[in-house]
Amino acid sequence: SLISTENAVKSFVMMFDIYDTDPINGTEFPTSLVFDTIAHKNTVYVSSDNSIASVNKDGELNYSVQFDNMDISHIATDHKGWRAVSYTDGYIPYINVYNRNGDLYASTEIESVPEHIDLYKSVVLYNNGRDVICGVVDNTKARYSAPMTIKNLIMLTRSTYMIVYENSLEIIKI
């Protein structure tokens, strides 16, 4: 990804052949600051300050979901291309889950802005302080109170996740 701040912030995701110095193609993201790209098979999943997107191997845009006038706090992408976005809209925190085609799967209002977030397909994992919440966004979720300060959360399978503490790991099966 490349960023230009000449007149305004805009980003580019460019695809290159490793044996050639010229790009194959690319996609421009006007008014976006791309901060993360994750490649999986023939797709690159793009995270920016105000959108999520997907670019194919030819550098063409598959989808783009804009979050204008909303503050994105976290974006998580699983190995299958599912995306979770936590954001605030009018000071109310939400989590949206998108399938690998960029279609909205589910959306829900949550208790507070999470510190960490991860997902495994439609199962979302996030925390509210030491309370860890896991489940499908629009259904009942399991709650677990962690004994220490959480440093990271990682979904391992649909029903198992790992809590990373400063000095240890804890694996939880739902």
# chains A, B, ... in the order shown; residues from 1 in each chain; ligands from 1

call {"tool": "residues_around", "arguments": {"residues": "segment 141-157 of chain A", "least_positions_apart": "6", "cutoff": "8 Å", "atoms": "only C-alpha atoms", "output": "number ranges by chain"}}
result
A: 116-120, 125-126, 129-135, 163-166, 174

call {"tool": "select_by_dssp", "arguments": {"residues": "segment 66-118 of chain A", "states": "strand (DSSP E or B)", "output": "PyMOL selection string"}}
result
chain A and resi 66+71-77+83-89+92-98+104-109+117-118

call {"tool": "closest_residue", "arguments": {"among": "A:Ile72, A:Ile24, A:Leu2, A:Val13", "to": "Ser86 of chain A", "atoms": "only C-alpha atoms"}}
result
A:Ile72

call {"tool": "residues_around", "arguments": {"residues": "Asn50 of chain A", "least_positions_apart": "6", "cutoff": "8 Å", "atoms": "only C-alpha atoms", "output": "PDB file with all heavy atoms, in the first residue's frame"}}
result
ATOM      1  N   SER A  32      -8.780   8.099   2.306  1.00  0.00           N
ATOM      2  CA  SER A  32      -8.561   6.989   3.249  1.00  0.00           C
ATOM      3  C   SER A  32      -7.078   6.816   3.528  1.00  0.00           C
ATOM      4  O   SER A  32      -6.254   6.962   2.638  1.00  0.00           O
ATOM      5  CB  SER A  32      -9.105   5.677   2.682  1.00  0.00           C
ATOM      6  OG  SER A  32     -10.497   5.706   2.578  1.00  0.00           O
ATOM      7  N   LEU A  33      -6.784   6.466   4.760  1.00  0.00           N
ATOM      8  CA  LEU A  33      -5.421   6.152   5.162  1.00  0.00           C
ATOM      9  C   LEU A  33      -5.363   4.648   5.429  1.00  0.00           C
ATOM     10  O   LEU A  33      -5.843   4.167   6.458  1.00  0.00           O
ATOM     11  CB  LEU A  33      -5.028   6.930   6.418  1.00  0.00           C
ATOM     12  CG  LEU A  33      -3.654   6.634   6.999  1.00  0.00           C
ATOM     13  CD1 LEU A  33      -2.562   6.991   5.999  1.00  0.00           C
ATOM     14  CD2 LEU A  33      -3.465   7.387   8.293  1.00  0.00           C
ATOM     15  N   GLN A  66     -17.703   1.907   3.382  1.00  0.00           N
ATOM     16  CA  GLN A  66     -17.291   3.178   3.960  1.00  0.00           C
ATOM     17  C   GLN A  66     -17.924   3.392   5.337  1.00  0.00           C
ATOM     18  O   GLN A  66     -19.072   3.021   5.543  1.00  0.00           O
ATOM     19  CB  GLN A  66     -17.702   4.336   3.047  1.00  0.00           C
ATOM     20  CG  GLN A  66     -17.027   4.315   1.695  1.00  0.00           C
ATOM     21  CD  GLN A  66     -15.536   4.566   1.788  1.00  0.00           C
ATOM     22  OE1 GLN A  66     -15.093   5.442   2.510  1.00  0.00           O
ATOM     23  NE2 GLN A  66     -14.764   3.783   1.059  1.00  0.00           N
ATOM     24  N   PHE A  67     -17.172   3.998   6.239  1.00  0.00           N
ATOM     25  CA  PHE A  67     -17.649   4.368   7.570  1.00  0.00           C
ATOM     26  C   PHE A  67     -17.449   5.872   7.756  1.00  0.00           C
ATOM     27  O   PHE A  67     -16.780   6.309   8.682  1.00  0.00           O
ATOM     28  CB  PHE A  67     -16.901   3.584   8.651  1.00  0.00           C
ATOM     29  CG  PHE A  67     -17.229   2.130   8.672  1.00  0.00           C
ATOM     30  CD1 PHE A  67     -16.556   1.248   7.851  1.00  0.00           C
ATOM     31  CD2 PHE A  67     -18.233   1.650   9.493  1.00  0.00           C
ATOM     32  CE1 PHE A  67     -16.865  -0.100   7.867  1.00  0.00           C
ATOM     33  CE2 PHE A  67     -18.547   0.309   9.509  1.00  0.00           C
ATOM     34  CZ  PHE A  67     -17.868  -0.565   8.690  1.00  0.00           C
ATOM     35  N   ASP A  68     -18.022   6.653   6.855  1.00  0.00           N
ATOM     36  CA  ASP A  68     -17.893   8.100   6.932  1.00  0.00           C
ATOM     37  C   ASP A  68     -18.611   8.622   8.167  1.00  0.00           C
ATOM     38  O   ASP A  68     -19.683   8.156   8.526  1.00  0.00           O
ATOM     39  CB  ASP A  68     -18.458   8.751   5.675  1.00  0.00           C
ATOM     40  CG  ASP A  68     -17.657   8.368   4.441  1.00  0.00           C
ATOM     41  OD1 ASP A  68     -16.430   8.185   4.567  1.00  0.00           O
ATOM     42  OD2 ASP A  68     -18.253   8.247   3.353  1.00  0.00           O
ATOM     43  N   MET A  70     -17.985   8.140  11.172  1.00  0.00           N
ATOM     44  CA  MET A  70     -17.984   7.172  12.270  1.00  0.00           C
ATOM     45  C   MET A  70     -16.534   6.896  12.645  1.00  0.00           C
ATOM     46  O   MET A  70     -15.666   6.879  11.779  1.00  0.00           O
ATOM     47  CB  MET A  70     -18.670   5.880  11.854  1.00  0.00           C
ATOM     48  CG  MET A  70     -20.124   6.031  11.524  1.00  0.00           C
ATOM     49  SD  MET A  70     -20.804   4.477  10.953  1.00  0.00           S
ATOM     50  CE  MET A  70     -21.798   5.022   9.608  1.00  0.00           C
ATOM     51  N   ASP A  71     -16.278   6.674  13.915  1.00  0.00           N
ATOM     52  CA  ASP A  71     -14.923   6.395  14.378  1.00  0.00           C
ATOM     53  C   ASP A  71     -14.709   4.894  14.490  1.00  0.00           C
ATOM     54  O   ASP A  71     -15.300   4.240  15.349  1.00  0.00           O
ATOM     55  CB  ASP A  71     -14.666   7.051  15.738  1.00  0.00           C
ATOM     56  CG  ASP A  71     -14.677   8.565  15.653  1.00  0.00           C
ATOM     57  OD1 ASP A  71     -14.242   9.088  14.620  1.00  0.00           O
ATOM     58  OD2 ASP A  71     -15.117   9.205  16.624  1.00  0.00           O
ATOM     59  N   ILE A  72     -13.862   4.348  13.617  1.00  0.00           N
ATOM     60  CA  ILE A  72     -13.519   2.921  13.679  1.00  0.00           C
ATOM     61  C   ILE A  72     -12.505   2.740  14.794  1.00  0.00           C
ATOM     62  O   ILE A  72     -11.492   3.437  14.856  1.00  0.00           O
ATOM     63  CB  ILE A  72     -12.929   2.439  12.341  1.00  0.00           C
ATOM     64  CG1 ILE A  72     -13.991   2.489  11.244  1.00  0.00           C
ATOM     65  CG2 ILE A  72     -12.361   1.033  12.494  1.00  0.00           C
ATOM     66  CD1 ILE A  72     -13.472   2.111   9.871  1.00  0.00           C
TER      67      ILE A  72
END

call {"tool": "atom_distance", "arguments": {"atom1": "atom CA of Ile3 of chain A", "atom2": "atom CA of Thr31 of chain A"}}
result
10.3 Å

call {"tool": "closest_residue", "arguments": {"among": "A:Thr140, A:Thr21, A:Thr37, A:Ser122", "to": "Trp82 of chain A", "atoms": "only C-alpha atoms"}}
result
A:Ser122

call {"tool": "atom_distance", "arguments": {"atom1": "atom CA of Glu115 of chain A", "atom2": "atom CA of Ser73 of chain A"}}
result
8.4 Å

call {"tool": "atom_distance", "arguments": {"atom1": "atom CA of Tyr161 of chain A", "atom2": "atom CA of Tyr105 of chain A"}}
result
21.1 Å

call {"tool": "decode", "arguments": {"residues": "segment 110-125 of chain A", "atoms": "N, CA and C atoms", "output": "mmCIF file, in the first residue's frame"}}
result
data_model
loop_
_atom_site.group_PDB
_atom_site.id
_atom_site.type_symbol
_atom_site.label_atom_id
_atom_site.label_comp_id
_atom_site.auth_asym_id
_atom_site.auth_seq_id
_atom_site.Cartn_x
_atom_site.Cartn_y
_atom_site.Cartn_z
ATOM 1 N N ILE A 110 -23.128 -2.582 21.201
ATOM 2 C CA ILE A 110 -22.435 -3.269 22.289
ATOM 3 C C ILE A 110 -22.317 -2.349 23.496
ATOM 4 N N GLU A 111 -21.833 -2.916 24.613
ATOM 5 C CA GLU A 111 -21.791 -2.217 25.892
ATOM 6 C C GLU A 111 -20.831 -1.038 25.897
ATOM 7 N N SER A 112 -19.635 -1.232 25.338
ATOM 8 C CA SER A 112 -18.611 -0.188 25.319
ATOM 9 C C SER A 112 -17.642 -0.482 24.184
ATOM 10 N N VAL A 113 -16.770 0.465 23.907
ATOM 11 C CA VAL A 113 -15.770 0.268 22.860
ATOM 12 C C VAL A 113 -14.787 -0.797 23.337
ATOM 13 N N PRO A 114 -14.621 -1.893 22.593
ATOM 14 C CA PRO A 114 -13.716 -2.957 23.047
ATOM 15 C C PRO A 114 -12.253 -2.559 22.926
ATOM 16 N N GLU A 115 -11.430 -3.190 23.750
ATOM 17 C CA GLU A 115 -9.986 -2.965 23.678
ATOM 18 C C GLU A 115 -9.346 -3.895 22.656
ATOM 19 N N HIS A 116 -9.904 -5.109 22.512
ATOM 20 C CA HIS A 116 -9.388 -6.112 21.578
ATOM 21 C C HIS A 116 -10.580 -6.767 20.893
ATOM 22 N N ILE A 117 -10.361 -7.225 19.657
ATOM 23 C CA ILE A 117 -11.431 -7.862 18.893
ATOM 24 C C ILE A 117 -10.821 -8.886 17.953
ATOM 25 N N ASP A 118 -11.524 -9.988 17.747
ATOM 26 C CA ASP A 118 -11.132 -11.000 16.776
ATOM 27 C C ASP A 118 -12.396 -11.722 16.339
ATOM 28 N N LEU A 119 -12.298 -12.535 15.283
ATOM 29 C CA LEU A 119 -13.462 -13.300 14.851
ATOM 30 C C LEU A 119 -13.036 -14.558 14.131
ATOM 31 N N TYR A 120 -13.970 -15.492 14.080
ATOM 32 C CA TYR A 120 -13.843 -16.729 13.321
ATOM 33 C C TYR A 120 -15.162 -16.879 12.587
ATOM 34 N N LYS A 121 -15.162 -16.570 11.310
ATOM 35 C CA LYS A 121 -16.380 -16.487 10.495
ATOM 36 C C LYS A 121 -17.361 -15.555 11.189
ATOM 37 N N SER A 122 -18.540 -16.026 11.556
ATOM 38 C CA SER A 122 -19.555 -15.142 12.137
ATOM 39 C C SER A 122 -19.460 -15.023 13.657
ATOM 40 N N VAL A 123 -18.527 -15.727 14.283
ATOM 41 C CA VAL A 123 -18.363 -15.671 15.743
ATOM 42 C C VAL A 123 -17.373 -14.560 16.094
ATOM 43 N N VAL A 124 -17.837 -13.634 16.923
ATOM 44 C CA VAL A 124 -17.024 -12.472 17.288
ATOM 45 C C VAL A 124 -16.556 -12.609 18.731
ATOM 46 N N LEU A 125 -15.335 -12.155 18.977
ATOM 47 C CA LEU A 125 -14.723 -12.169 20.296
ATOM 48 C C LEU A 125 -14.236 -10.754 20.587
#
